[in-house]
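What follows is the content of data.cif, which has mmCIF, C-alpha atoms and all ligand atoms:
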data_final
loop_
_atom_site.label_atom_id
_atom_site.label_comp_id
_atom_site.auth_asym_id
_atom_site.auth_seq_id
_atom_site.Cartn_x
_atom_site.Cartn_y
_atom_site.Cartn_z
CA MET A 1447 40.57 -180.72 24.76
CA ILE A 1448 36.77 -180.31 24.40
CA ARG A 1449 35.26 -181.72 21.16
CA ILE A 1450 31.88 -180.26 20.12
CA THR A 1451 29.48 -182.77 18.56
CA GLY A 1452 25.83 -182.67 17.49
CA LYS A 1453 24.97 -184.10 20.92
CA THR A 1454 27.06 -181.72 23.03
CA ARG A 1455 25.07 -180.42 25.99
CA VAL A 1456 25.36 -176.72 26.74
CA LEU A 1457 25.97 -175.15 30.16
CA GLY A 1458 26.75 -171.51 30.82
CA ILE A 1459 26.58 -168.38 32.95
CA VAL A 1460 24.10 -165.52 32.72
CA GLY A 1461 25.31 -162.15 34.00
CA TRP A 1462 25.91 -158.50 33.06
CA PRO A 1463 28.74 -157.99 32.50
CA VAL A 1464 30.05 -161.53 32.36
CA GLY A 1465 33.32 -161.15 30.45
CA HIS A 1466 35.38 -161.21 33.67
CA SER A 1467 33.82 -164.45 34.92
CA LEU A 1468 36.17 -167.29 35.85
CA SER A 1469 33.37 -169.88 35.73
CA PRO A 1470 33.89 -170.90 32.05
CA ALA A 1471 37.55 -171.72 32.78
CA MET A 1472 36.83 -173.86 35.85
CA HIS A 1473 33.84 -175.72 34.40
CA ASN A 1474 35.49 -176.39 31.04
CA ALA A 1475 38.59 -177.67 32.88
CA ALA A 1476 36.38 -180.22 34.69
CA ILE A 1477 34.54 -181.16 31.46
CA ALA A 1478 37.86 -181.71 29.65
CA ALA A 1479 39.33 -183.74 32.52
CA LEU A 1480 36.27 -186.02 32.63
CA GLY A 1481 35.97 -186.26 28.82
CA ILE A 1482 32.19 -185.72 28.94
CA ASP A 1483 30.18 -184.20 26.07
CA TYR A 1484 29.42 -180.76 27.54
CA ILE A 1485 30.54 -177.18 26.93
CA TYR A 1486 30.21 -174.16 29.28
CA VAL A 1487 29.83 -170.70 27.71
CA PRO A 1488 29.24 -167.09 28.87
CA PHE A 1489 25.82 -165.49 28.16
CA PRO A 1490 25.95 -161.70 28.61
CA VAL A 1491 22.34 -160.70 29.37
CA ASP A 1492 21.31 -157.08 29.83
CA PRO A 1493 18.87 -156.73 32.80
CA GLU A 1494 16.17 -155.39 30.45
CA HIS A 1495 16.19 -158.63 28.47
CA LEU A 1496 16.44 -161.19 31.24
CA GLY A 1497 12.96 -162.70 30.68
CA PRO A 1498 13.31 -163.30 26.92
CA ALA A 1499 16.88 -164.55 27.45
CA VAL A 1500 15.74 -167.19 29.98
CA GLU A 1501 12.95 -168.24 27.61
CA GLY A 1502 15.54 -168.49 24.83
CA LEU A 1503 17.80 -170.70 26.96
CA ARG A 1504 14.80 -172.91 27.74
CA ARG A 1505 13.84 -173.23 24.03
CA LEU A 1506 17.44 -173.87 22.99
CA GLY A 1507 17.57 -176.83 25.34
CA VAL A 1508 20.41 -175.52 27.48
CA GLN A 1509 21.04 -178.11 30.22
CA GLY A 1510 21.80 -175.67 33.01
CA PHE A 1511 23.42 -172.36 33.81
CA ASN A 1512 24.86 -170.25 36.58
CA VAL A 1513 23.40 -166.86 37.42
CA THR A 1514 25.53 -163.97 38.60
CA ILE A 1515 25.30 -160.22 39.33
CA PRO A 1516 22.82 -158.55 38.78
CA HIS A 1517 20.33 -161.35 38.06
CA LYS A 1518 20.44 -163.62 41.14
CA SER A 1519 17.11 -162.39 42.54
CA ALA A 1520 15.56 -160.94 39.37
CA ILE A 1521 15.60 -164.33 37.64
CA ILE A 1522 13.23 -166.03 40.11
CA PRO A 1523 9.93 -164.99 38.41
CA PHE A 1524 11.15 -166.48 35.11
CA LEU A 1525 11.81 -169.95 36.58
CA ASP A 1526 9.30 -172.75 37.12
CA ARG A 1527 10.45 -173.67 40.64
CA VAL A 1528 13.15 -172.85 43.17
CA SER A 1529 14.78 -175.08 45.78
CA ARG A 1530 14.23 -174.51 49.50
CA GLU A 1531 17.70 -172.90 49.89
CA ALA A 1532 17.16 -170.53 46.96
CA GLY A 1533 13.68 -169.60 48.18
CA LEU A 1534 14.97 -168.97 51.68
CA CYS A 1535 17.60 -166.45 50.63
CA GLY A 1536 15.69 -165.13 47.61
CA ALA A 1537 18.64 -165.73 45.29
CA VAL A 1538 19.47 -168.28 42.60
CA ASN A 1539 23.02 -168.94 41.38
CA THR A 1540 22.38 -172.21 39.52
CA VAL A 1541 19.54 -173.27 37.21
CA ARG A 1542 19.01 -176.89 36.17
CA ARG A 1543 16.71 -178.18 33.48
CA ASP A 1544 14.43 -180.93 34.83
CA GLY A 1545 12.54 -182.14 31.74
CA ASP A 1546 10.78 -179.02 30.47
CA LEU A 1547 11.12 -177.18 33.77
CA LEU A 1548 13.82 -174.73 34.82
CA VAL A 1549 14.56 -175.13 38.52
CA GLY A 1550 16.58 -172.56 40.49
CA HIS A 1551 19.09 -173.61 43.16
CA ASN A 1552 21.56 -171.82 45.38
CA THR A 1553 24.96 -173.49 45.82
CA ASP A 1554 26.65 -170.35 47.24
CA GLY A 1555 25.69 -171.28 50.81
CA ALA A 1556 26.97 -174.85 50.53
CA GLY A 1557 30.13 -173.55 48.83
CA PHE A 1558 30.71 -171.09 51.66
CA LEU A 1559 30.31 -173.77 54.35
CA ALA A 1560 32.62 -176.15 52.44
CA SER A 1561 35.27 -173.43 52.21
CA LEU A 1562 34.96 -172.57 55.92
CA ARG A 1563 35.57 -176.23 56.69
CA GLU A 1564 38.41 -176.82 54.23
CA ASP A 1565 40.21 -173.47 54.34
CA LEU A 1566 39.66 -172.44 57.97
CA GLY A 1567 38.86 -175.74 59.71
CA PHE A 1568 35.77 -173.94 61.02
CA ASP A 1569 32.43 -175.45 62.04
CA PRO A 1570 29.67 -172.85 62.62
CA ARG A 1571 27.79 -175.07 65.11
CA GLY A 1572 27.40 -173.11 68.34
CA ALA A 1573 29.61 -170.27 67.09
CA ALA A 1574 29.28 -166.47 67.29
CA ILE A 1575 29.83 -164.77 63.93
CA LEU A 1576 30.07 -161.15 62.79
CA VAL A 1577 28.95 -160.70 59.16
CA LEU A 1578 29.95 -157.47 57.40
CA GLY A 1579 27.43 -156.63 54.65
CA ALA A 1580 23.80 -157.39 53.86
CA GLY A 1581 23.74 -157.80 50.07
CA GLY A 1582 23.23 -160.94 48.00
CA ALA A 1583 26.37 -162.66 49.29
CA ALA A 1584 25.36 -161.96 52.90
CA LEU A 1585 21.89 -163.48 52.34
CA GLY A 1586 23.47 -166.76 51.23
CA ALA A 1587 26.07 -166.69 54.02
CA VAL A 1588 23.63 -165.93 56.84
CA ALA A 1589 21.18 -168.61 55.64
CA ALA A 1590 24.01 -171.16 55.45
CA LEU A 1591 25.50 -170.24 58.86
CA SER A 1592 22.04 -170.34 60.48
CA GLY A 1593 21.22 -173.69 58.89
CA ALA A 1594 24.57 -175.04 60.12
CA GLY A 1595 23.70 -174.24 63.73
CA ALA A 1596 25.41 -170.91 64.48
CA ALA A 1597 24.46 -169.69 67.96
CA ARG A 1598 24.76 -165.95 67.36
CA ILE A 1599 24.99 -163.83 64.17
CA ILE A 1600 25.63 -160.08 64.18
CA VAL A 1601 24.97 -158.31 60.87
CA ALA A 1602 26.85 -155.02 60.35
CA ASN A 1603 25.96 -153.11 57.20
CA ARG A 1604 26.66 -149.59 55.92
CA THR A 1605 22.96 -149.08 55.11
CA ALA A 1606 21.11 -149.89 58.34
CA GLU A 1607 17.73 -150.67 56.70
CA ARG A 1608 19.24 -153.33 54.47
CA GLY A 1609 20.86 -155.03 57.48
CA ALA A 1610 17.55 -154.91 59.37
CA SER A 1611 15.62 -156.40 56.47
CA LEU A 1612 18.10 -159.28 56.20
CA VAL A 1613 17.73 -160.10 59.89
CA GLU A 1614 13.93 -159.84 59.71
CA ARG A 1615 13.93 -162.31 56.82
CA PHE A 1616 15.78 -165.01 58.80
CA ARG A 1617 14.69 -164.44 62.41
CA PRO A 1618 11.31 -166.23 62.01
CA VAL A 1619 12.92 -169.16 60.15
CA PHE A 1620 15.89 -169.84 62.47
CA GLY A 1621 14.46 -169.52 65.98
CA GLY A 1622 17.59 -171.02 67.57
CA VAL A 1623 19.92 -168.29 66.29
CA GLY A 1624 20.43 -165.05 68.23
CA PHE A 1625 20.43 -162.34 65.55
CA SER A 1626 21.50 -158.75 66.17
CA LEU A 1627 22.43 -155.68 64.17
CA SER A 1628 25.44 -153.40 64.27
CA SER A 1629 26.73 -150.32 62.50
CA LEU A 1630 30.22 -150.21 61.01
CA CYS A 1631 31.37 -147.70 63.67
CA PRO A 1632 34.75 -148.82 65.09
CA GLY A 1633 33.61 -148.55 68.72
CA GLU A 1634 30.60 -150.79 68.16
CA LEU A 1635 32.56 -153.28 66.04
CA ALA A 1636 35.31 -153.50 68.67
CA GLY A 1637 32.77 -154.67 71.26
CA HIS A 1638 31.54 -157.41 68.92
CA LEU A 1639 35.03 -158.50 67.79
CA ARG A 1640 35.98 -159.33 71.39
CA THR A 1641 33.15 -161.87 71.62
CA ILE A 1642 33.08 -163.66 68.27
CA ASP A 1643 34.64 -166.79 66.75
CA LEU A 1644 34.52 -165.74 63.09
CA LEU A 1645 34.51 -162.47 61.14
CA VAL A 1646 33.12 -162.72 57.57
CA ASN A 1647 33.38 -159.95 54.99
CA THR A 1648 30.58 -160.29 52.44
CA THR A 1649 30.87 -156.71 51.14
CA SER A 1650 32.74 -155.70 48.01
CA VAL A 1651 35.23 -153.74 50.15
CA GLY A 1652 38.70 -155.11 49.41
CA MET A 1653 38.18 -155.13 45.63
CA ASN A 1654 39.80 -152.49 43.44
CA GLY A 1655 42.10 -151.19 46.18
CA THR A 1656 39.25 -150.36 48.61
CA ARG A 1657 39.61 -151.06 52.35
CA PHE A 1658 37.80 -150.68 55.67
CA GLU A 1659 39.62 -147.66 57.10
CA ASP A 1660 38.70 -148.09 60.76
CA LEU A 1661 38.03 -151.77 61.32
CA PRO A 1662 39.48 -152.48 64.81
CA LEU A 1663 40.77 -155.97 63.95
CA ALA A 1664 43.20 -155.90 66.88
CA GLU A 1665 40.15 -156.46 69.11
CA LEU A 1666 39.40 -159.88 67.58
CA ARG A 1667 40.25 -162.43 70.23
CA SER A 1668 43.20 -164.74 69.52
CA GLY A 1669 41.79 -167.91 67.98
CA GLY A 1670 39.20 -165.83 66.12
CA ARG A 1671 39.12 -166.48 62.34
CA VAL A 1672 38.64 -164.21 59.36
CA TYR A 1673 36.96 -165.08 56.04
CA ASP A 1674 36.88 -162.58 53.15
CA MET A 1675 34.57 -163.50 50.26
CA VAL A 1676 36.62 -161.27 47.97
CA TYR A 1677 39.22 -163.34 46.06
CA ALA A 1678 40.80 -160.74 43.77
CA PRO A 1679 43.19 -159.54 45.02
CA ALA A 1680 44.10 -162.81 46.74
CA GLU A 1681 45.17 -160.88 49.84
CA THR A 1682 42.83 -157.99 50.66
CA PRO A 1683 43.90 -155.37 53.24
CA LEU A 1684 41.63 -157.17 55.74
CA LEU A 1685 43.39 -160.50 55.15
CA ALA A 1686 46.83 -158.85 55.26
CA ALA A 1687 45.95 -157.36 58.66
CA ALA A 1688 44.64 -160.73 59.88
CA ARG A 1689 47.79 -162.52 58.72
CA GLU A 1690 50.03 -159.94 60.44
CA ARG A 1691 48.18 -160.68 63.69
CA GLY A 1692 48.68 -164.42 63.22
CA LEU A 1693 44.94 -165.09 62.77
CA THR A 1694 43.73 -168.02 60.67
CA CYS A 1695 42.16 -166.51 57.55
CA ALA A 1696 41.07 -167.30 53.98
CA ASN A 1697 39.80 -165.52 50.88
CA GLY A 1698 36.72 -166.42 48.80
CA LEU A 1699 38.50 -168.56 46.21
CA GLY A 1700 37.54 -171.79 47.96
CA MET A 1701 33.89 -170.70 48.07
CA LEU A 1702 33.89 -169.89 44.35
CA ALA A 1703 35.37 -173.31 43.57
CA SER A 1704 33.02 -175.19 45.93
CA GLN A 1705 29.83 -173.52 44.66
CA GLY A 1706 31.03 -174.42 41.15
CA GLU A 1707 31.64 -178.05 42.13
CA ALA A 1708 28.12 -178.28 43.59
CA ALA A 1709 26.56 -176.73 40.45
CA PHE A 1710 28.55 -179.07 38.17
CA SER A 1711 27.32 -182.12 40.11
CA LEU A 1712 23.71 -180.88 39.92
CA TRP A 1713 23.89 -180.59 36.12
CA THR A 1714 25.94 -183.63 35.20
CA GLY A 1715 25.39 -186.04 38.10
CA ILE A 1716 29.20 -186.37 38.25
CA GLU A 1717 31.57 -184.87 40.82
CA PRO A 1718 34.36 -182.86 39.20
CA PRO A 1719 37.92 -184.06 39.94
CA ALA A 1720 38.84 -183.02 43.51
CA GLY A 1721 40.71 -179.71 43.66
CA LEU A 1722 40.71 -179.11 39.90
CA MET A 1723 38.37 -176.10 39.94
CA LYS A 1724 40.37 -174.42 42.70
CA ILE A 1725 43.67 -174.99 40.90
CA THR A 1726 42.16 -173.64 37.66
CA LEU A 1727 40.87 -170.51 39.40
CA ARG A 1728 44.24 -169.88 41.02
CA ARG A 1729 46.00 -170.26 37.68
CA GLU A 1730 43.53 -167.90 35.95
CA LEU A 1731 43.91 -165.26 38.66
CA GLU A 1732 47.69 -165.47 38.63
CA GLY A 1733 47.96 -165.59 34.87
P1 LIG A 1801 25.72 -156.63 46.60
O1 LIG A 1801 24.45 -157.37 46.71
O2 LIG A 1801 25.84 -155.48 45.65
O3 LIG A 1801 26.07 -156.11 48.11
C1 LIG A 1801 27.20 -155.32 48.34
C2 LIG A 1801 27.43 -155.18 49.85
O4 LIG A 1801 28.66 -154.45 50.04
C3 LIG A 1801 26.34 -154.37 50.57
O5 LIG A 1801 26.21 -154.87 51.88
C4 LIG A 1801 26.95 -152.96 50.58
O6 LIG A 1801 26.44 -152.14 51.62
C5 LIG A 1801 28.40 -153.29 50.86
N1 LIG A 1801 29.32 -152.23 50.47
C6 LIG A 1801 29.66 -151.86 49.20
N2 LIG A 1801 30.56 -150.85 49.24
C7 LIG A 1801 30.79 -150.58 50.56
C8 LIG A 1801 31.62 -149.66 51.25
N3 LIG A 1801 32.40 -148.79 50.59
N4 LIG A 1801 31.63 -149.67 52.60
C9 LIG A 1801 30.84 -150.57 53.29
N5 LIG A 1801 30.03 -151.46 52.68
C10 LIG A 1801 30.00 -151.47 51.34
O7 LIG A 1801 26.93 -157.60 46.21
P2 LIG A 1801 27.09 -159.15 46.62
O8 LIG A 1801 26.52 -160.00 45.56
O9 LIG A 1801 26.62 -159.30 48.02
O10 LIG A 1801 28.68 -159.33 46.54
C11 LIG A 1801 29.52 -158.74 47.53
C12 LIG A 1801 30.95 -159.27 47.38
O11 LIG A 1801 30.99 -160.67 47.62
C13 LIG A 1801 31.56 -159.06 45.99
O12 LIG A 1801 32.90 -158.67 46.18
C14 LIG A 1801 31.49 -160.41 45.35
O13 LIG A 1801 32.53 -160.63 44.40
C15 LIG A 1801 31.71 -161.32 46.58
N6 LIG A 1801 31.16 -162.66 46.36
C16 LIG A 1801 32.04 -163.70 46.37
C17 LIG A 1801 31.57 -164.98 46.17
C18 LIG A 1801 32.54 -166.13 46.18
O14 LIG A 1801 32.20 -167.21 45.67
N7 LIG A 1801 33.72 -165.95 46.75
C19 LIG A 1801 30.21 -165.22 45.96
C20 LIG A 1801 29.32 -164.13 45.97
C21 LIG A 1801 29.82 -162.84 46.17
P3 LIG A 1801 25.14 -151.23 51.37
O15 LIG A 1801 23.95 -152.11 51.60
O16 LIG A 1801 25.28 -150.14 52.36
O17 LIG A 1801 25.22 -150.73 49.94
#
Could you express the structure from this file as structure tokens?
Ligand code: NAP
Amino acid sequence: MIRITGKTRVLGIVGWPVGHSLSPAMHNAAIAALGIDYIYVPFPVDPEHLGPAVEGLRRLGVQGFNVTIPHKSAIIPFLDRVSREAGLCGAVNTVRRDGDLLVGHNTDGAGFLASLREDLGFDPRGAAILVLGAGGAALGAVAALSGAGAARIIVANRTAERGASLVERFRPVFGGVGFSLSSLCPGELAGHLRTIDLLVNTTSVGMNGTRFEDLPLAELRSGGRVYDMVYAPAETPLLAAARERGLTCANGLGMLASQGEAAFSLWTGIEPPAGLMKITLRRELEG
């Protein structure tokens, strides 16, 4: 049970819309379990009013907040500083107050790597990886995989220019990674699937009953792994196909929980109880 006092510190999430967010449930579960004097609330912010809203959060003394769609990049000009990770991928998912300054961080990449390790037993060092998508989630994933020592990353996006601009952003920074581009054509994907260790879906395909119609998953070599950042539904058509083929696979729930754990530690200086955020998310999604 959270008790609000005159000293309660406020955390939250800025997004539009934000009513569907599972972050309040997982952060408040950790606050309640630790018995610390914090509360985490949703802040629905229309894109037109992002600047004044951030200024308002600053003036109200909010301790920190998460940032979600569509503000992850747009918020950067309204912050005082961004961390190296956030600057590298041009996206902020966590803001922390440091004195009078608002500092942007990105915990999505660390959350993704933690989930790869815990849910797939996968270490990107020296690996070949096919990334589907080139949006905000892909930026964080490719930066994290490159920083973790991936040998080869192929980016396959529906809109070719967006894929190319993602690769051009990272190529000069990560000289040791072999970057290449692909279309989503089945023939081209089949060639890549035969040579990779991990397939990552960072697109929104898999949500709301959508699916990749022609993804030639049968070409993925045995021992290849599949990670889908989508977590609702828990089993996307891509993950169902991977499971049928006996491939090791995981959805994005672990990433959502891990990025939340990292944000919580940044704000409070305390690690949330192990596994609590993941259990809370699972319960919310099932319930
Ligand atoms: P975004 O910036 O809007 O990018 C969307 C991506 O999906 C783009 O690459 C887009 O391709 C592609 N796409 C959309 N519809 C498609 C279709 N019908 N066929 C092929 N490609 C399609 O969104 P985002 O922030 O990257 O988020 C993407 C997904 O990742 C969402 O489902 C989000 O919930 C999930 N996500 C999960 C976590 C987690 O913690 N598990 C964290 C972040 C994001 P184009 O460039 O061609 O439009």
Show me which residues sit within 7 Å of ligand LIG 1801 (chain A) when counting only C-alpha atoms and all ligand atoms, and put them as an mmCIF file with C-alpha atoms, in the frame of the given file.
data_model
loop_
_atom_site.group_PDB
_atom_site.id
_atom_site.type_symbol
_atom_site.label_atom_id
_atom_site.label_comp_id
_atom_site.auth_asym_id
_atom_site.auth_seq_id
_atom_site.Cartn_x
_atom_site.Cartn_y
_atom_site.Cartn_z
ATOM 1 C CA ILE A 1515 25.300 -160.220 39.330
ATOM 2 C CA ASP A 1554 26.650 -170.350 47.240
ATOM 3 C CA GLY A 1579 27.430 -156.630 54.650
ATOM 4 C CA ALA A 1580 23.800 -157.390 53.860
ATOM 5 C CA GLY A 1581 23.740 -157.800 50.070
ATOM 6 C CA GLY A 1582 23.230 -160.940 48.000
ATOM 7 C CA ALA A 1583 26.370 -162.660 49.290
ATOM 8 C CA ALA A 1584 25.360 -161.960 52.900
ATOM 9 C CA ASN A 1603 25.960 -153.110 57.200
ATOM 10 C CA ARG A 1604 26.660 -149.590 55.920
ATOM 11 C CA THR A 1605 22.960 -149.080 55.110
ATOM 12 C CA ARG A 1608 19.240 -153.330 54.470
ATOM 13 C CA THR A 1648 30.580 -160.290 52.440
ATOM 14 C CA THR A 1649 30.870 -156.710 51.140
ATOM 15 C CA SER A 1650 32.740 -155.700 48.010
ATOM 16 C CA VAL A 1651 35.230 -153.740 50.150
ATOM 17 C CA MET A 1653 38.180 -155.130 45.630
ATOM 18 C CA PHE A 1658 37.800 -150.680 55.670
ATOM 19 C CA MET A 1675 34.570 -163.500 50.260
ATOM 20 C CA VAL A 1676 36.620 -161.270 47.970
ATOM 21 C CA TYR A 1677 39.220 -163.340 46.060
ATOM 22 C CA GLY A 1698 36.720 -166.420 48.800
ATOM 23 C CA LEU A 1699 38.500 -168.560 46.210
ATOM 24 C CA MET A 1701 33.890 -170.700 48.070
ATOM 25 C CA LEU A 1702 33.890 -169.890 44.350
ATOM 26 C CA GLN A 1705 29.830 -173.520 44.660
#
CA of His1495 in chain A to CA of Asp1526 in chain A, straight-line distance in Å: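 Taking CA of Asp1526 in chain A as the start and CA of His1495 in chain A as the end point, the length is 17.9 Å.
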Scan for residues within 12 Å of the point (16.1, -164.9, 64.0) in the coordinates of the file, using all atoms listed in the file, and reply as a CSV table (one decimal) with C-alpha atoms, keeping the file's coordinate frame.
chain,number,residue,atom,x,y,z
A,1588,VAL,CA,23.6,-165.9,56.8
A,1589,ALA,CA,21.2,-168.6,55.6
A,1591,LEU,CA,25.5,-170.2,58.9
A,1592,SER,CA,22.0,-170.3,60.5
A,1593,GLY,CA,21.2,-173.7,58.9
A,1596,ALA,CA,25.4,-170.9,64.5
A,1597,ALA,CA,24.5,-169.7,68.0
A,1598,ARG,CA,24.8,-166.0,67.4
A,1599,ILE,CA,25.0,-163.8,64.2
A,1600,ILE,CA,25.6,-160.1,64.2
A,1601,VAL,CA,25.0,-158.3,60.9
A,1610,ALA,CA,17.6,-154.9,59.4
A,1611,SER,CA,15.6,-156.4,56.5
A,1612,LEU,CA,18.1,-159.3,56.2
A,1613,VAL,CA,17.7,-160.1,59.9
A,1614,GLU,CA,13.9,-159.8,59.7
A,1615,ARG,CA,13.9,-162.3,56.8
A,1616,PHE,CA,15.8,-165.0,58.8
A,1617,ARG,CA,14.7,-164.4,62.4
A,1618,PRO,CA,11.3,-166.2,62.0
A,1619,VAL,CA,12.9,-169.2,60.2
A,1620,PHE,CA,15.9,-169.8,62.5
A,1621,GLY,CA,14.5,-169.5,66.0
A,1622,GLY,CA,17.6,-171.0,67.6
A,1623,VAL,CA,19.9,-168.3,66.3
A,1624,GLY,CA,20.4,-165.0,68.2
A,1625,PHE,CA,20.4,-162.3,65.6
A,1626,SER,CA,21.5,-158.8,66.2
A,1627,LEU,CA,22.4,-155.7,64.2
Residues within 8 Å of (23.1, -172.3, 33.4), counting only C-alpha atoms, listed as a ChimeraX atom specification: /A:1457-1460,1508-1513,1540-1542
Export of prior selection with C-alpha atoms as an mmCIF file, in the frame of the given file:
data_model
loop_
_atom_site.group_PDB
_atom_site.id
_atom_site.type_symbol
_atom_site.label_atom_id
_atom_site.label_comp_id
_atom_site.auth_asym_id
_atom_site.auth_seq_id
_atom_site.Cartn_x
_atom_site.Cartn_y
_atom_site.Cartn_z
ATOM 1 C CA LEU A 1457 25.970 -175.150 30.160
ATOM 2 C CA GLY A 1458 26.750 -171.510 30.820
ATOM 3 C CA ILE A 1459 26.580 -168.380 32.950
ATOM 4 C CA VAL A 1460 24.100 -165.520 32.720
ATOM 5 C CA VAL A 1508 20.410 -175.520 27.480
ATOM 6 C CA GLN A 1509 21.040 -178.110 30.220
ATOM 7 C CA GLY A 1510 21.800 -175.670 33.010
ATOM 8 C CA PHE A 1511 23.420 -172.360 33.810
ATOM 9 C CA ASN A 1512 24.860 -170.250 36.580
ATOM 10 C CA VAL A 1513 23.400 -166.860 37.420
ATOM 11 C CA THR A 1540 22.380 -172.210 39.520
ATOM 12 C CA VAL A 1541 19.540 -173.270 37.210
ATOM 13 C CA ARG A 1542 19.010 -176.890 36.170
#
Thr1514 in chain A surroundings by all atoms listed in the file, 6 Å radius, close-in-sequence under 3 positions cut, as a tab-separated table (two decimals) with C-alpha atoms, keeping the file's coordinate frame:
chain	number	residue	atom	x	y	z
A	1461	GLY	CA	25.31	-162.15	34.00
A	1517	HIS	CA	20.33	-161.35	38.06
A	1518	LYS	CA	20.44	-163.62	41.14
Which residues come within 10 Å of Arg1530 in chain A, counting all atoms listed in the file, excluding same-chain residues fewer than 5 positions away, as JSON, numbers by chain? {"A": [1535, 1536, 1550, 1551, 1552]}
Please list as a list in words every residue within 7 Å of range 1475-1490 of chain A, counting all atoms listed in the file and excluding residues in the same chain fewer than 2 positions away.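 So the residues in contact are Met1447, Ile1448, Thr1454, Arg1455, Val1456, Leu1457, Gly1458, Ile1459, Val1460, Gly1461, Trp1462, Pro1463, Val1464, Pro1470, Ala1471, Met1472, His1473, Asp1492, Pro1718, Pro1719, Leu1722 and Met1723 of chain A.
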When distances are computed from only C-alpha atoms, which of A:Val1577, A:Leu1534, A:Ala1708, A:Leu1663 shows the smallest separation from Gly1637 in chain A?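 Closest to Gly1637 in chain A of all the choices is A:Leu1663.
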Separation of CA of Thr1451 in chain A and CA of Ile1725 in chain A, in Å? 27.6 Å
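What separates CA of Val1646 in chain A from CA of Asn1697 in chain A is a distance of 9.9 Å.
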Nearest to Glu1659 in chain A, chosen from A:Gly1633, A:Gly1545, A:Pro1683, A:Gly1721, with only C-alpha atoms counted in the distances: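 Distance minimum relative to Glu1659 in chain A lands on A:Pro1683.
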I want to know what sits within 8 Å of Val1528 in chain A, based on all atoms listed in the file, with residues of the same chain fewer than 3 positions away left out; could you give that as a ChimeraX atom specification? /A:1522,1525,1532-1533,1538,1549-1551
Selected residues, C-alpha atoms, written as a PDB file, in the frame of the given file, please.
ATOM      1  CA  ILE A1522      13.230-166.030  40.110  1.00  0.00           C
ATOM      2  CA  LEU A1525      11.810-169.950  36.580  1.00  0.00           C
ATOM      3  CA  ALA A1532      17.160-170.530  46.960  1.00  0.00           C
ATOM      4  CA  GLY A1533      13.680-169.600  48.180  1.00  0.00           C
ATOM      5  CA  VAL A1538      19.470-168.280  42.600  1.00  0.00           C
ATOM      6  CA  VAL A1549      14.560-175.130  38.520  1.00  0.00           C
ATOM      7  CA  GLY A1550      16.580-172.560  40.490  1.00  0.00           C
ATOM      8  CA  HIS A1551      19.090-173.610  43.160  1.00  0.00           C
TER       9      HIS A1551
END
Kindly list the centre and edge lengths in Å, rounded to one decimal, for the axis-aligned box that covers all listed atoms of range 1487-1490 of chain A plus 3 Å on each of its six sides, as lines of an AutoDock Vina configuration file.
center_x = 27.8
center_y = -166.2
center_z = 28.3
size_x = 10.0
size_y = 15.0
size_z = 7.2
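Using only C-alpha atoms, the smallest distance between any of A:Pro1632, A:Arg1543, A:Leu1693, A:Gly1652 and Leu1506 in chain A comes from A:Arg1543.
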Would you kindly return, as a list of chain:residue names, each protein, DNA or RNA residue with an atom no farther than 9 Å from any atom of Leu1562 in chain A, considering only C-alpha atoms and excluding same-chain residues fewer than 5 positions away? A:Gly1557, A:Gly1567, A:Phe1568, A:Asp1569, A:Pro1570, A:Tyr1673, A:Ala1696, A:Gly1700, A:Met1701
Could you build a table of the residues in range 1483-1577 of chain A lying no more than 12 Å from range 1665-1670 of chain A, giving for each the nearest pair of atoms and their separation in Å rounded to one decimal place, using only C-alpha atoms, ordered by chain and ascending residue number, as a Markdown table?
| residue | atom | partner | partner_atom | distance |
| --- | --- | --- | --- | --- |
| A:Leu1566 | CA | A:Gly1670 | CA | 10.5 |
| A:Gly1567 | CA | A:Gly1669 | CA | 11.8 |
| A:Phe1568 | CA | A:Gly1670 | CA | 10.2 |
| A:Ala1573 | CA | A:Gly1670 | CA | 10.6 |
| A:Ala1574 | CA | A:Gly1670 | CA | 10.0 |
| A:Ile1575 | CA | A:Gly1670 | CA | 9.7 |
| A:Leu1576 | CA | A:Leu1666 | CA | 10.6 |
Which is closer to Gly1586 in chain A than all the others in A:Gly1452, A:Gly1555, A:Pro1679, A:Pro1662, using all atoms listed in the file?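 Counting all atoms listed in the file, the residue closest to Gly1586 in chain A is A:Gly1555.
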